[in-house]
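Q: Data: start-v3.csv, CSV, C-alpha atoms.
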chain,number,residue,atom,x,y,z
A,5,MET,CA,-27.4,-0.6,-47.8
A,6,ALA,CA,-27.9,-2.1,-44.4
A,7,ASP,CA,-31.2,-3.5,-43.3
A,8,LEU,CA,-32.8,-0.9,-41.1
A,9,ARG,CA,-35.9,-2.9,-40.3
A,10,SER,CA,-36.8,-2.9,-36.6
A,11,ASN,CA,-38.8,-5.1,-34.4
A,12,LEU,CA,-39.8,-4.1,-30.8
A,13,ALA,CA,-41.5,-7.1,-29.1
A,14,GLY,CA,-43.3,-8.0,-32.2
A,15,ILE,CA,-44.1,-4.5,-33.4
A,16,ALA,CA,-42.4,-4.3,-36.8
A,17,SER,CA,-41.4,-1.1,-38.6
A,18,PRO,CA,-39.2,-0.4,-41.7
A,19,ASN,CA,-36.7,1.5,-39.6
A,20,PRO,CA,-36.0,2.1,-35.8
A,21,PHE,CA,-37.0,5.8,-35.9
A,22,TRP,CA,-40.3,6.4,-34.2
A,23,LEU,CA,-42.0,9.6,-33.1
A,24,ALA,CA,-42.8,9.7,-29.4
A,25,SER,CA,-46.2,10.3,-27.9
A,26,ALA,CA,-46.2,14.1,-27.9
A,27,PRO,CA,-47.4,17.2,-29.9
A,28,PRO,CA,-45.9,15.9,-33.2
A,29,THR,CA,-48.3,12.9,-33.1
A,30,ASN,CA,-51.4,14.8,-32.0
A,31,SER,CA,-53.3,14.4,-35.3
A,32,GLY,CA,-53.7,12.3,-38.4
A,33,TYR,CA,-52.5,15.2,-40.5
A,34,GLN,CA,-49.2,15.2,-38.7
A,35,VAL,CA,-48.7,11.5,-38.6
A,36,MET,CA,-49.4,11.3,-42.4
A,37,ARG,CA,-46.7,13.9,-43.0
A,38,ALA,CA,-44.3,12.1,-40.7
A,39,PHE,CA,-44.8,8.8,-42.6
A,40,GLU,CA,-44.4,10.6,-45.9
A,41,ALA,CA,-41.0,11.9,-44.6
A,42,GLY,CA,-39.9,8.4,-43.8
A,43,TRP,CA,-40.6,7.7,-40.1
A,44,GLY,CA,-40.9,4.0,-39.3
A,45,GLY,CA,-43.5,4.4,-36.6
A,46,VAL,CA,-45.4,6.7,-34.2
A,47,VAL,CA,-46.7,6.5,-30.7
A,48,TRP,CA,-50.0,8.5,-30.9
A,49,LYS,CA,-50.4,11.3,-28.5
A,50,THR,CA,-51.9,9.9,-25.3
A,51,LEU,CA,-55.5,8.9,-25.5
A,52,GLY,CA,-57.9,9.0,-22.5
A,53,THR,CA,-60.6,11.2,-21.2
A,54,PRO,CA,-60.0,14.5,-23.1
A,55,ILE,CA,-58.8,17.4,-20.9
A,56,VAL,CA,-58.5,21.1,-21.4
A,57,ASN,CA,-54.9,22.3,-21.9
A,58,VAL,CA,-53.6,25.7,-20.8
A,59,THR,CA,-51.6,28.4,-22.6
A,60,SER,CA,-48.7,29.0,-22.6
A,61,ARG,CA,-47.3,25.5,-22.5
A,62,PHE,CA,-43.6,25.3,-23.6
A,63,ALA,CA,-40.3,26.9,-22.7
A,64,GLY,CA,-36.9,26.4,-24.3
A,65,MET,CA,-33.5,26.5,-22.6
A,66,ASN,CA,-30.8,28.2,-24.8
A,67,TYR,CA,-27.1,28.0,-24.1
A,68,LYS,CA,-25.1,30.8,-25.7
A,69,GLN,CA,-25.7,30.4,-29.5
A,70,ASN,CA,-27.5,27.1,-29.2
A,71,LYS,CA,-31.3,27.2,-29.2
A,72,MET,CA,-33.4,24.6,-27.4
A,73,VAL,CA,-30.7,22.5,-25.8
A,74,ALA,CA,-33.5,21.5,-23.5
A,75,MET,CA,-37.3,22.1,-23.4
A,76,ASN,CA,-39.9,22.2,-20.7
A,77,ASN,CA,-43.6,21.6,-21.2
A,78,ILE,CA,-46.8,21.7,-19.1
A,79,GLU,CA,-49.0,20.2,-21.9
A,80,LEU,CA,-51.2,17.2,-21.0
A,81,ILE,CA,-52.8,14.4,-22.9
A,82,THR,CA,-55.1,14.7,-25.9
A,83,ASP,CA,-57.7,17.4,-25.8
A,84,ARG,CA,-59.6,15.8,-28.7
A,85,PRO,CA,-62.5,13.3,-28.5
A,86,LEU,CA,-61.5,9.6,-28.6
A,87,ASP,CA,-63.7,8.9,-31.7
A,88,GLU,CA,-61.9,11.6,-33.6
A,89,ASN,CA,-58.5,10.2,-32.7
A,90,LEU,CA,-59.5,6.6,-33.6
A,91,SER,CA,-60.9,7.7,-37.0
A,92,GLU,CA,-57.6,9.3,-37.8
A,93,ILE,CA,-55.6,6.4,-36.6
A,94,ALA,CA,-57.5,4.1,-38.9
A,95,LYS,CA,-57.0,6.4,-41.9
A,96,CYS,CA,-53.2,6.5,-41.3
A,97,LYS,CA,-52.9,2.8,-40.9
A,98,ARG,CA,-54.8,2.2,-44.2
A,99,ALA,CA,-52.5,4.7,-46.0
A,100,PHE,CA,-49.3,3.3,-44.5
A,101,PRO,CA,-49.9,-0.4,-43.5
A,102,ASP,CA,-46.1,-1.1,-43.2
A,103,ARG,CA,-45.6,1.6,-40.5
A,104,ALA,CA,-46.0,1.0,-36.8
A,105,ILE,CA,-48.8,2.9,-35.0
A,106,VAL,CA,-48.8,2.4,-31.3
A,107,ALA,CA,-51.6,4.0,-29.1
A,108,SER,CA,-50.5,5.7,-25.9
A,109,LEU,CA,-53.1,5.3,-23.2
A,110,MET,CA,-53.8,6.8,-19.8
A,111,GLU,CA,-56.7,6.1,-17.4
A,112,VAL,CA,-57.6,6.2,-13.8
A,113,CYS,CA,-56.4,3.1,-11.8
A,114,GLU,CA,-59.6,1.1,-12.2
A,115,ARG,CA,-59.6,-2.2,-14.0
A,116,ASP,CA,-62.9,-1.7,-15.8
A,117,ALA,CA,-61.9,1.8,-17.0
A,118,TRP,CA,-58.6,0.5,-18.5
A,119,ARG,CA,-60.3,-2.5,-20.1
A,120,GLU,CA,-63.0,-0.4,-21.7
A,121,LEU,CA,-60.4,2.0,-23.1
A,122,VAL,CA,-58.4,-0.9,-24.5
A,123,LYS,CA,-61.5,-2.4,-26.0
A,124,ARG,CA,-62.5,0.9,-27.7
A,125,VAL,CA,-59.0,1.6,-29.2
A,126,GLN,CA,-58.8,-2.0,-30.5
A,127,GLU,CA,-61.8,-1.4,-32.7
A,128,VAL,CA,-59.3,0.2,-35.1
A,129,ASP,CA,-56.1,-1.4,-36.6
A,130,ILE,CA,-53.2,-0.7,-34.3
A,131,ASP,CA,-49.9,-2.4,-33.7
A,132,GLY,CA,-49.5,-1.9,-30.0
A,133,PHE,CA,-50.3,0.0,-26.8
A,134,GLU,CA,-47.9,2.2,-24.8
A,135,LEU,CA,-49.1,2.7,-21.2
A,136,ASN,CA,-48.2,6.3,-20.1
A,137,PHE,CA,-46.9,5.8,-16.6
A,138,GLY,CA,-44.5,8.7,-17.0
A,139,CYS,CA,-46.2,12.1,-17.4
A,140,PRO,CA,-44.8,14.1,-14.4
A,141,HIS,CA,-47.3,17.0,-14.3
A,142,GLY,CA,-51.0,17.7,-14.4
A,143,MET,CA,-52.1,14.1,-14.9
A,144,SER,CA,-50.0,12.8,-12.0
A,145,GLU,CA,-51.9,15.2,-9.6
A,146,ARG,CA,-55.0,13.3,-10.7
A,147,GLY,CA,-53.5,9.9,-9.8
A,148,MET,CA,-52.3,9.0,-13.3
A,149,GLY,CA,-49.0,9.2,-15.3
A,150,ALA,CA,-46.0,9.4,-13.0
A,151,ALA,CA,-48.3,8.8,-9.9
A,152,VAL,CA,-48.5,5.2,-11.2
A,153,GLY,CA,-45.0,5.0,-12.6
A,154,GLN,CA,-43.5,5.7,-9.2
A,155,HIS,CA,-45.2,2.7,-7.6
A,156,PRO,CA,-44.1,-0.7,-8.9
A,157,ASP,CA,-47.1,-2.5,-7.4
A,158,LEU,CA,-49.4,-0.2,-9.4
A,159,ILE,CA,-47.3,-0.6,-12.6
A,160,ALA,CA,-47.6,-4.4,-12.3
A,161,ARG,CA,-51.3,-4.3,-11.6
A,162,VAL,CA,-52.4,-2.0,-14.3
A,163,THR,CA,-50.1,-3.7,-16.8
A,164,GLU,CA,-51.8,-7.0,-16.0
A,165,TRP,CA,-55.2,-5.5,-16.7
A,166,VAL,CA,-54.2,-4.2,-20.1
A,167,VAL,CA,-52.3,-7.3,-21.1
A,168,GLU,CA,-55.4,-9.4,-20.3
A,169,ALA,CA,-57.6,-7.3,-22.6
A,170,SER,CA,-55.1,-6.6,-25.3
A,171,ARG,CA,-54.7,-8.4,-28.6
A,172,VAL,CA,-51.4,-6.5,-29.4
A,173,PRO,CA,-48.1,-6.1,-27.7
A,174,VAL,CA,-48.1,-3.8,-24.6
A,175,VAL,CA,-45.2,-1.4,-23.9
A,176,VAL,CA,-44.9,0.4,-20.6
A,177,LYS,CA,-43.5,4.0,-20.6
A,178,LEU,CA,-41.5,4.7,-17.5
A,179,THR,CA,-40.9,7.9,-15.5
A,180,PRO,CA,-37.3,8.9,-14.8
A,181,ASN,CA,-38.5,10.6,-11.6
A,182,VAL,CA,-37.5,7.6,-9.4
A,183,THR,CA,-34.4,6.6,-7.5
A,184,ASP,CA,-33.7,3.4,-9.5
A,185,ILE,CA,-35.6,2.8,-12.8
A,186,ARG,CA,-34.9,-0.9,-12.7
A,187,PHE,CA,-37.6,-1.5,-10.0
A,188,PRO,CA,-40.5,-0.1,-12.1
A,189,ALA,CA,-39.1,-1.8,-15.2
A,190,ARG,CA,-39.1,-5.1,-13.3
A,191,ALA,CA,-42.7,-4.5,-12.2
A,192,ALA,CA,-43.7,-3.9,-15.8
A,193,ALA,CA,-42.1,-7.2,-16.8
A,194,ARG,CA,-43.9,-9.0,-13.9
A,195,GLY,CA,-47.2,-7.5,-15.1
A,196,GLY,CA,-46.6,-9.1,-18.6
A,197,ALA,CA,-45.4,-6.1,-20.5
A,198,HIS,CA,-43.8,-7.0,-23.8
A,199,ALA,CA,-41.4,-4.0,-23.7
A,200,VAL,CA,-40.6,-0.9,-21.8
A,201,SER,CA,-39.9,2.6,-23.2
A,202,MET,CA,-37.8,5.2,-21.4
A,203,ILE,CA,-37.4,7.9,-20.4
A,204,ASN,CA,-40.4,10.1,-20.1
A,205,THR,CA,-39.8,13.8,-19.1
A,206,ILE,CA,-38.0,14.9,-15.9
A,207,ASN,CA,-39.6,17.1,-13.3
A,208,SER,CA,-38.4,20.6,-13.8
A,209,ILE,CA,-38.9,24.4,-13.6
A,210,MET,CA,-37.4,26.0,-16.6
A,211,GLY,CA,-36.8,29.4,-15.1
A,212,VAL,CA,-38.1,32.7,-13.8
A,213,ASP,CA,-38.2,36.0,-15.6
A,214,VAL,CA,-36.0,38.2,-13.4
A,215,GLU,CA,-37.8,41.3,-14.5
A,216,THR,CA,-41.4,40.3,-14.0
A,217,TRP,CA,-40.8,37.4,-11.5
A,218,ASN,CA,-43.1,35.3,-13.6
A,219,PRO,CA,-42.2,31.6,-14.0
A,220,ILE,CA,-41.4,30.4,-17.5
A,221,PRO,CA,-43.7,29.4,-19.1
A,222,HIS,CA,-46.5,31.1,-17.1
A,223,VAL,CA,-50.3,31.0,-17.2
A,224,ASP,CA,-51.6,34.3,-16.0
A,225,GLY,CA,-48.5,34.8,-13.8
A,226,LYS,CA,-48.3,31.3,-12.4
A,227,SER,CA,-47.0,27.9,-13.5
A,228,SER,CA,-46.3,24.4,-12.3
A,229,HIS,CA,-43.4,22.0,-12.6
A,230,GLY,CA,-43.2,20.5,-16.1
A,231,GLY,CA,-41.5,17.9,-18.1
A,232,TYR,CA,-37.8,18.4,-19.1
A,233,CYS,CA,-36.6,16.9,-22.4
A,234,GLY,CA,-34.3,17.5,-25.3
A,235,PRO,CA,-30.6,17.0,-26.0
A,236,ALA,CA,-29.6,17.9,-22.4
A,237,VAL,CA,-31.4,14.8,-21.0
A,238,LYS,CA,-29.7,12.2,-23.2
A,239,PRO,CA,-27.0,11.2,-20.7
A,240,ILE,CA,-29.7,10.5,-18.1
A,241,ALA,CA,-31.7,8.5,-20.6
A,242,LEU,CA,-28.7,6.4,-21.8
A,243,ASN,CA,-27.9,5.5,-18.2
A,244,MET,CA,-31.4,4.3,-17.5
A,245,VAL,CA,-31.7,2.4,-20.8
A,246,ASN,CA,-28.5,0.6,-20.0
A,247,ASP,CA,-29.4,-0.1,-16.4
A,248,CYS,CA,-32.5,-2.0,-17.6
A,249,ALA,CA,-30.8,-3.6,-20.6
A,250,ARG,CA,-28.3,-5.2,-18.2
A,251,ASP,CA,-30.8,-6.3,-15.6
A,252,PRO,CA,-31.8,-9.9,-16.0
A,253,GLU,CA,-35.0,-9.3,-14.0
A,254,VAL,CA,-36.2,-6.8,-16.7
A,255,GLY,CA,-35.4,-9.0,-19.6
A,256,ILE,CA,-37.7,-7.4,-22.2
A,257,PRO,CA,-36.9,-5.1,-25.1
A,258,ILE,CA,-36.5,-1.3,-24.6
A,259,SER,CA,-37.6,1.6,-26.7
A,260,GLY,CA,-35.1,4.4,-26.1
A,261,ILE,CA,-36.3,8.0,-25.6
A,262,GLY,CA,-34.5,11.2,-24.5
A,263,GLY,CA,-32.6,13.7,-26.5
A,264,VAL,CA,-32.3,11.8,-29.8
A,265,GLU,CA,-31.4,14.4,-32.5
A,266,THR,CA,-28.6,12.9,-34.6
A,267,TRP,CA,-27.8,9.5,-36.1
A,268,GLN,CA,-24.9,9.2,-33.6
A,269,ASP,CA,-27.5,9.6,-30.8
A,270,VAL,CA,-29.4,6.7,-32.3
A,271,VAL,CA,-26.3,4.5,-32.4
A,272,GLU,CA,-25.5,5.2,-28.8
A,273,PHE,CA,-29.0,4.2,-27.6
A,274,LEU,CA,-28.9,1.0,-29.7
A,275,LEU,CA,-25.4,0.0,-28.5
A,276,LEU,CA,-26.5,0.5,-24.9
A,277,GLY,CA,-29.5,-1.8,-25.3
A,278,ALA,CA,-32.4,-0.1,-27.0
A,279,SER,CA,-34.1,-1.9,-29.8
A,280,ASN,CA,-35.4,1.3,-31.4
A,281,VAL,CA,-35.6,5.0,-30.5
A,282,GLN,CA,-38.4,7.6,-30.2
A,283,VAL,CA,-38.0,11.3,-31.0
A,284,CYS,CA,-39.9,14.4,-30.0
A,285,THR,CA,-38.0,17.6,-29.2
A,286,ALA,CA,-35.7,17.4,-32.3
A,287,VAL,CA,-38.8,17.3,-34.5
A,288,MET,CA,-40.4,20.2,-32.6
A,289,HIS,CA,-37.1,22.1,-33.3
A,290,HIS,CA,-36.3,21.0,-36.8
A,291,GLY,CA,-39.3,19.3,-38.4
A,292,PHE,CA,-40.1,15.8,-39.7
A,293,ARG,CA,-37.4,15.7,-42.4
A,294,ILE,CA,-34.6,15.1,-39.9
A,295,VAL,CA,-35.5,11.4,-40.3
A,296,GLU,CA,-33.7,11.6,-43.7
A,297,GLU,CA,-30.4,12.5,-41.9
A,298,LEU,CA,-31.0,9.8,-39.3
A,299,ALA,CA,-31.5,7.1,-41.9
A,300,ASP,CA,-28.6,8.2,-44.1
A,301,GLY,CA,-26.2,8.5,-41.2
A,302,LEU,CA,-27.2,5.1,-39.7
A,303,ASN,CA,-26.9,3.4,-43.1
A,304,ARG,CA,-23.4,4.8,-43.7
A,305,TYR,CA,-22.3,3.9,-40.2
A,306,LEU,CA,-23.4,0.3,-40.6
A,307,ASP,CA,-22.1,-0.1,-44.1
A,308,ALA,CA,-18.7,1.3,-43.2
A,309,ARG,CA,-18.4,-1.5,-40.6
A,310,GLY,CA,-19.7,-4.3,-42.8
A,311,ILE,CA,-22.8,-4.7,-40.5
A,312,GLU,CA,-25.7,-6.0,-42.4
A,313,SER,CA,-28.6,-5.1,-40.1
A,314,VAL,CA,-29.5,-2.6,-37.3
A,315,ALA,CA,-30.4,-5.5,-35.1
A,316,GLU,CA,-26.8,-6.6,-34.9
A,317,ILE,CA,-25.7,-3.6,-32.9
A,318,VAL,CA,-28.5,-3.6,-30.3
A,319,GLY,CA,-26.8,-4.0,-26.9
A,320,GLY,CA,-23.3,-4.2,-28.5
A,321,ALA,CA,-21.8,-2.0,-25.8
A,322,ALA,CA,-24.3,-2.7,-23.0
A,323,ASN,CA,-21.9,-4.8,-20.9
A,324,ARG,CA,-19.1,-2.3,-21.2
A,325,ILE,CA,-20.9,-0.4,-18.5
A,326,THR,CA,-20.2,-1.8,-15.0
A,327,THR,CA,-19.9,-0.6,-11.4
A,328,TRP,CA,-17.1,1.7,-10.4
A,329,ASN,CA,-15.6,-1.1,-8.2
A,330,ASN,CA,-14.8,-3.1,-11.3
A,331,LEU,CA,-12.8,-0.4,-13.1
A,332,ASN,CA,-9.1,-1.0,-13.7
A,333,LEU,CA,-7.1,1.2,-11.2
A,334,ASN,CA,-3.9,0.6,-13.1
A,335,TYR,CA,-5.2,2.1,-16.4
A,336,LYS,CA,-3.5,5.5,-16.9
A,337,ILE,CA,-3.9,8.3,-19.4
A,338,VAL,CA,-2.2,11.7,-19.5
A,339,ALA,CA,-2.7,14.9,-21.5
A,340,ARG,CA,-0.3,16.0,-24.2
A,341,ILE,CA,-0.5,19.4,-25.8
A,342,ASP,CA,0.3,19.8,-29.5
A,343,GLN,CA,2.3,23.0,-29.4
A,344,SER,CA,1.9,23.6,-33.2
A,345,ALA,CA,-1.9,23.7,-32.7
A,346,CYS,CA,-2.0,25.6,-29.4
A,347,ILE,CA,-3.3,29.2,-29.6
A,348,HIS,CA,-2.1,30.1,-26.1
A,349,CYS,CA,-5.6,31.0,-24.7
A,350,ASN,CA,-4.6,29.5,-21.3
A,351,LYS,CA,-8.0,27.9,-20.8
A,352,CYS,CA,-6.4,24.5,-20.1
A,353,TYR,CA,-3.9,26.1,-17.6
A,354,ILE,CA,-6.6,28.0,-15.8
A,355,ALA,CA,-9.0,25.0,-15.6
A,356,CYS,CA,-6.2,22.7,-14.3
A,357,GLU,CA,-4.8,25.2,-11.9
A,358,ASP,CA,-8.1,26.3,-10.4
A,359,ALA,CA,-10.3,23.3,-10.7
A,360,ALA,CA,-8.2,20.2,-11.2
A,361,HIS,CA,-4.8,19.0,-10.2
A,362,GLN,CA,-2.2,21.7,-11.1
A,363,CYS,CA,-0.5,19.6,-13.7
A,364,ILE,CA,0.1,22.2,-16.5
A,365,ASP,CA,3.2,24.4,-16.3
A,366,ARG,CA,3.9,27.6,-18.2
A,367,VAL,CA,7.4,27.1,-19.6
A,368,ARG,CA,9.2,30.1,-21.0
A,369,GLN,CA,10.9,29.5,-24.3
A,370,PRO,CA,13.9,31.1,-25.9
A,371,GLY,CA,12.8,34.4,-27.3
A,372,GLY,CA,10.3,35.1,-24.5
A,373,SER,CA,7.3,33.0,-25.6
A,374,THR,CA,5.6,30.6,-23.2
A,375,ASN,CA,4.5,27.0,-23.9
A,376,LEU,CA,1.9,25.1,-21.8
A,377,VAL,CA,3.4,21.8,-20.9
A,378,VAL,CA,1.8,18.9,-19.0
A,379,ASP,CA,3.7,17.4,-16.0
A,380,GLU,CA,2.9,13.8,-16.9
A,381,GLY,CA,4.1,12.5,-13.6
A,382,HIS,CA,1.4,14.3,-11.7
A,383,CYS,CA,-1.4,14.3,-14.4
A,384,VAL,CA,-4.3,12.2,-13.3
A,385,GLY,CA,-5.9,12.0,-16.8
A,386,CYS,CA,-9.1,13.7,-15.7
A,387,ASN,CA,-9.8,15.1,-19.3
A,388,LEU,CA,-10.7,18.6,-18.1
A,389,CYS,CA,-8.0,20.3,-20.1
A,390,SER,CA,-9.1,18.6,-23.4
A,391,MET,CA,-12.7,19.4,-22.6
A,392,VAL,CA,-12.1,23.2,-22.3
A,393,CYS,CA,-9.6,23.5,-25.1
A,394,PRO,CA,-11.2,25.4,-28.0
A,395,VAL,CA,-9.0,23.8,-30.7
A,396,ASP,CA,-10.0,20.3,-31.8
A,397,GLU,CA,-7.3,17.6,-31.2
A,398,CYS,CA,-4.9,20.1,-29.7
A,399,ILE,CA,-4.9,18.2,-26.4
A,400,GLU,CA,-4.7,14.5,-26.7
A,401,MET,CA,-5.3,12.0,-23.9
A,402,VAL,CA,-2.7,9.3,-24.3
A,403,ARG,CA,-2.4,6.0,-22.6
A,404,VAL,CA,0.8,5.3,-20.8
A,405,ASP,CA,2.2,2.0,-19.5
A,406,THR,CA,2.2,1.7,-15.8
A,407,GLY,CA,3.9,-1.7,-15.8
A,408,ARG,CA,1.2,-3.1,-13.6
A,409,PRO,CA,-1.5,-5.6,-14.5
A,410,ALA,CA,-5.1,-4.7,-14.5
A,411,GLN,CA,-6.6,-4.6,-11.0
A,412,SER,CA,-10.0,-3.4,-9.8
A,413,TRP,CA,-10.8,-1.9,-6.4
A,414,LYS,CA,-12.4,-5.1,-5.4
A,415,GLU,CA,-9.3,-7.1,-6.4
A,416,ARG,CA,-7.0,-4.7,-4.6
A,417,ALA,CA,-9.1,-4.7,-1.4
A,418,ALA,CA,-9.1,-8.5,-1.5
A,419,ALA,CA,-5.3,-8.6,-1.9
A,420,MET,CA,-4.8,-6.2,0.9
A,421,GLY,CA,-7.0,-8.3,3.1
A,422,GLU,CA,-4.9,-11.3,2.3
A,423,VAL,CA,-1.7,-9.4,3.2
A,424,GLY,CA,-3.2,-8.5,6.6
Show me, as structure tokens, the structure contained in the file I just sent.
A:
Amino acid sequence: MADLRSNLAGIASPNPFWLASAPPTNSGYQVMRAFEAGWGGVVWKTLGTPIVNVTSRFAGMNYKQNKMVAMNNIELITDRPLDENLSEIAKCKRAFPDRAIVASLMEVCERDAWRELVKRVQEVDIDGFELNFGCPHGMSERGMGAAVGQHPDLIARVTEWVVEASRVPVVVKLTPNVTDIRFPARAAARGGAHAVSMINTINSIMGVDVETWNPIPHVDGKSSHGGYCGPAVKPIALNMVNDCARDPEVGIPISGIGGVETWQDVVEFLLLGASNVQVCTAVMHHGFRIVEELADGLNRYLDARGIESVAEIVGGAANRITTWNNLNLNYKIVARIDQSACIHCNKCYIACEDAAHQCIDRVRQPGGSTNLVVDEGHCVGCNLCSMVCPVDECIEMVRVDTGRPAQSWKERAAAMGEVG
């Protein structure tokens, strides 16, 4: 079995699977159950001045037969007293000393307030702090959460305050509701953060009931924008994780968050630069025991490749992401249809004819049947036909030799400039 032990900026855990700061980490009872199930660490639901939450709070987005492909919430930070949370943190750490317990914090942008909160929380045995600069609703209207995370100067300043007062590693949780996440990540690094975590939830309105006109979810007929999360946000999270992993001005470890549900999701985050992952929506949908599938799948994946530890794959594919201008213009693939597998639904033909490049022909065969055949000379390899095909592996995207050496747009532009 591969070594799944993980280390995020000095915060050790027996595996890279953490629970994100969210409803599943709201109490000692839940955290105990999570550790019993096998989770390696938790980020405790955000501590600060207790607030009063509203009902209702959550909304799920379903797509056809798939439930909760995304989720929206308008829940805020802890609504329980700090002393109660700290007592439960201490009990959990005594019961599971090998697991990572990180305290998520949020405060007003005042040095003394942050330092006092850090001092109070450090009275119990914790492994790190995560500064919540990401919450997009409710707290941001009060000058906290994303209101800090959208201003690099504030990120650096508050991070410095906490690092000065902290005896444990400090992680900064970033909001995705920015133009370029590298700038807030760089600010966190300048402030002395030991790691960053991303992404927090995305500004969203889940929907409107077309019969009642009430927003979803609604509180007495009204709502606010909320935080969008779940499997649907994974591509956005992967992009932001990779942006920061490749940026030399960030240069600190990353905890990956956003749509993690399967062991394959975990591998993708690790390959693109995350040192571990945090999970929320998948647990809210399926429960704590999904960690068993995550661990088993990751173990099998590493063992099949002869990889001894999870640390070996961190960032393994990070530098395979580049800018468009560096892509090989002479790389060519085309679609090929396996006629023995084709069910003649015509989805590929319709998609190509109406929305792509009109590269699939309907060719009549002896006996009156019709085959769908790709005109490879005109096929641009866009992948759309294979994406809409309902039969696995019926349409294969095949590389063809163009006879030309690799050449990027930048190289071609430079060559044309030399020609005149």
Q: Env of region 135-143 of chain A: 8 Å cut, atoms = all atoms listed in the file, seq-sep filter 2 positions within chain, self excluded. Answer as a VMD selection string.
A: chain A and resid 50 78 80 108 to 110 133 145 to 153 159 163 174 to 181 203 to 207 228 to 231
Q: At a cut-off of 12 Å from (-40.4, -2.0, -32.6) in the coordinates of the file, what residues are picked up using all atoms listed in the file, written as an MDAnalysis selection string?
A: chainID A and resid 8:23 44:47 103:106 131:134 173:175 198:201 257:260 278:282 314:315
Q: Using all atoms listed in the file, which residues sit within 9 Å of Gly211 (chain A) once same-chain residues fewer than 5 positions away are excluded, as a PyMOL selection string?
A: chain A and resi 63+65+218-221
Q: Given all atoms listed in the file as the basis, pick out the residue of A:Glu400, A:Asp300, A:Asp247, A:Glu127 nearest to Asn387 (chain A).
A: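 Closest to Asn387 (chain A) of all the choices is A:Glu400.
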Q: Have a look at A:Thr59, A:Asn329, A:Ser390, A:Thr374 and name the one nearest to Ala418 (chain A); count only C-alpha atoms.
A: A:Asn329
Q: In Å, how far is it from CA of Asn57 (chain A) to CA of Ser25 (chain A)?
A: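 If I compute the distance from CA of Asn57 (chain A) to CA of Ser25 (chain A), I get 16.0 Å.
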Q: Interatomic distance between CA of Val377 (chain A) and CA of Arg408 (chain A)?
A: 26.0 Å
Q: Just give me the gap between CA of Asn330 (chain A) and CA of Gln268 (chain A) in Å, one decimal is fine.
A: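 Distance between the two atoms: 27.4 Å.
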Q: Ranking A:Arg340, A:Arg250, A:His382, A:Arg84 by minimum distance to Ala360 (chain A) and counting only C-alpha atoms, which one comes first?
A: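 Using only C-alpha atoms, the shortest distance to Ala360 (chain A) belongs to A:His382.
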Q: Give as a compact mmCIF listing (two decimals) with C-alpha atoms, keeping the file's coordinate frame each residue that has an atom at most 8 Å from (-34.0, 10.8, -26.8) in the file, counting all atoms listed in the file.
A:
# COMPACT_ATOMS: atom_id res chain seq x y z
CA ILE A 203 -37.40 7.90 -20.40
CA CYS A 233 -36.60 16.90 -22.40
CA GLY A 234 -34.30 17.50 -25.30
CA PRO A 235 -30.60 17.00 -26.00
CA VAL A 237 -31.40 14.80 -21.00
CA LYS A 238 -29.70 12.20 -23.20
CA ALA A 241 -31.70 8.50 -20.60
CA GLY A 260 -35.10 4.40 -26.10
CA ILE A 261 -36.30 8.00 -25.60
CA GLY A 262 -34.50 11.20 -24.50
CA GLY A 263 -32.60 13.70 -26.50
CA VAL A 264 -32.30 11.80 -29.80
CA GLU A 265 -31.40 14.40 -32.50
CA ASP A 269 -27.50 9.60 -30.80
CA VAL A 281 -35.60 5.00 -30.50
CA GLN A 282 -38.40 7.60 -30.20
CA VAL A 283 -38.00 11.30 -31.00
CA CYS A 284 -39.90 14.40 -30.00
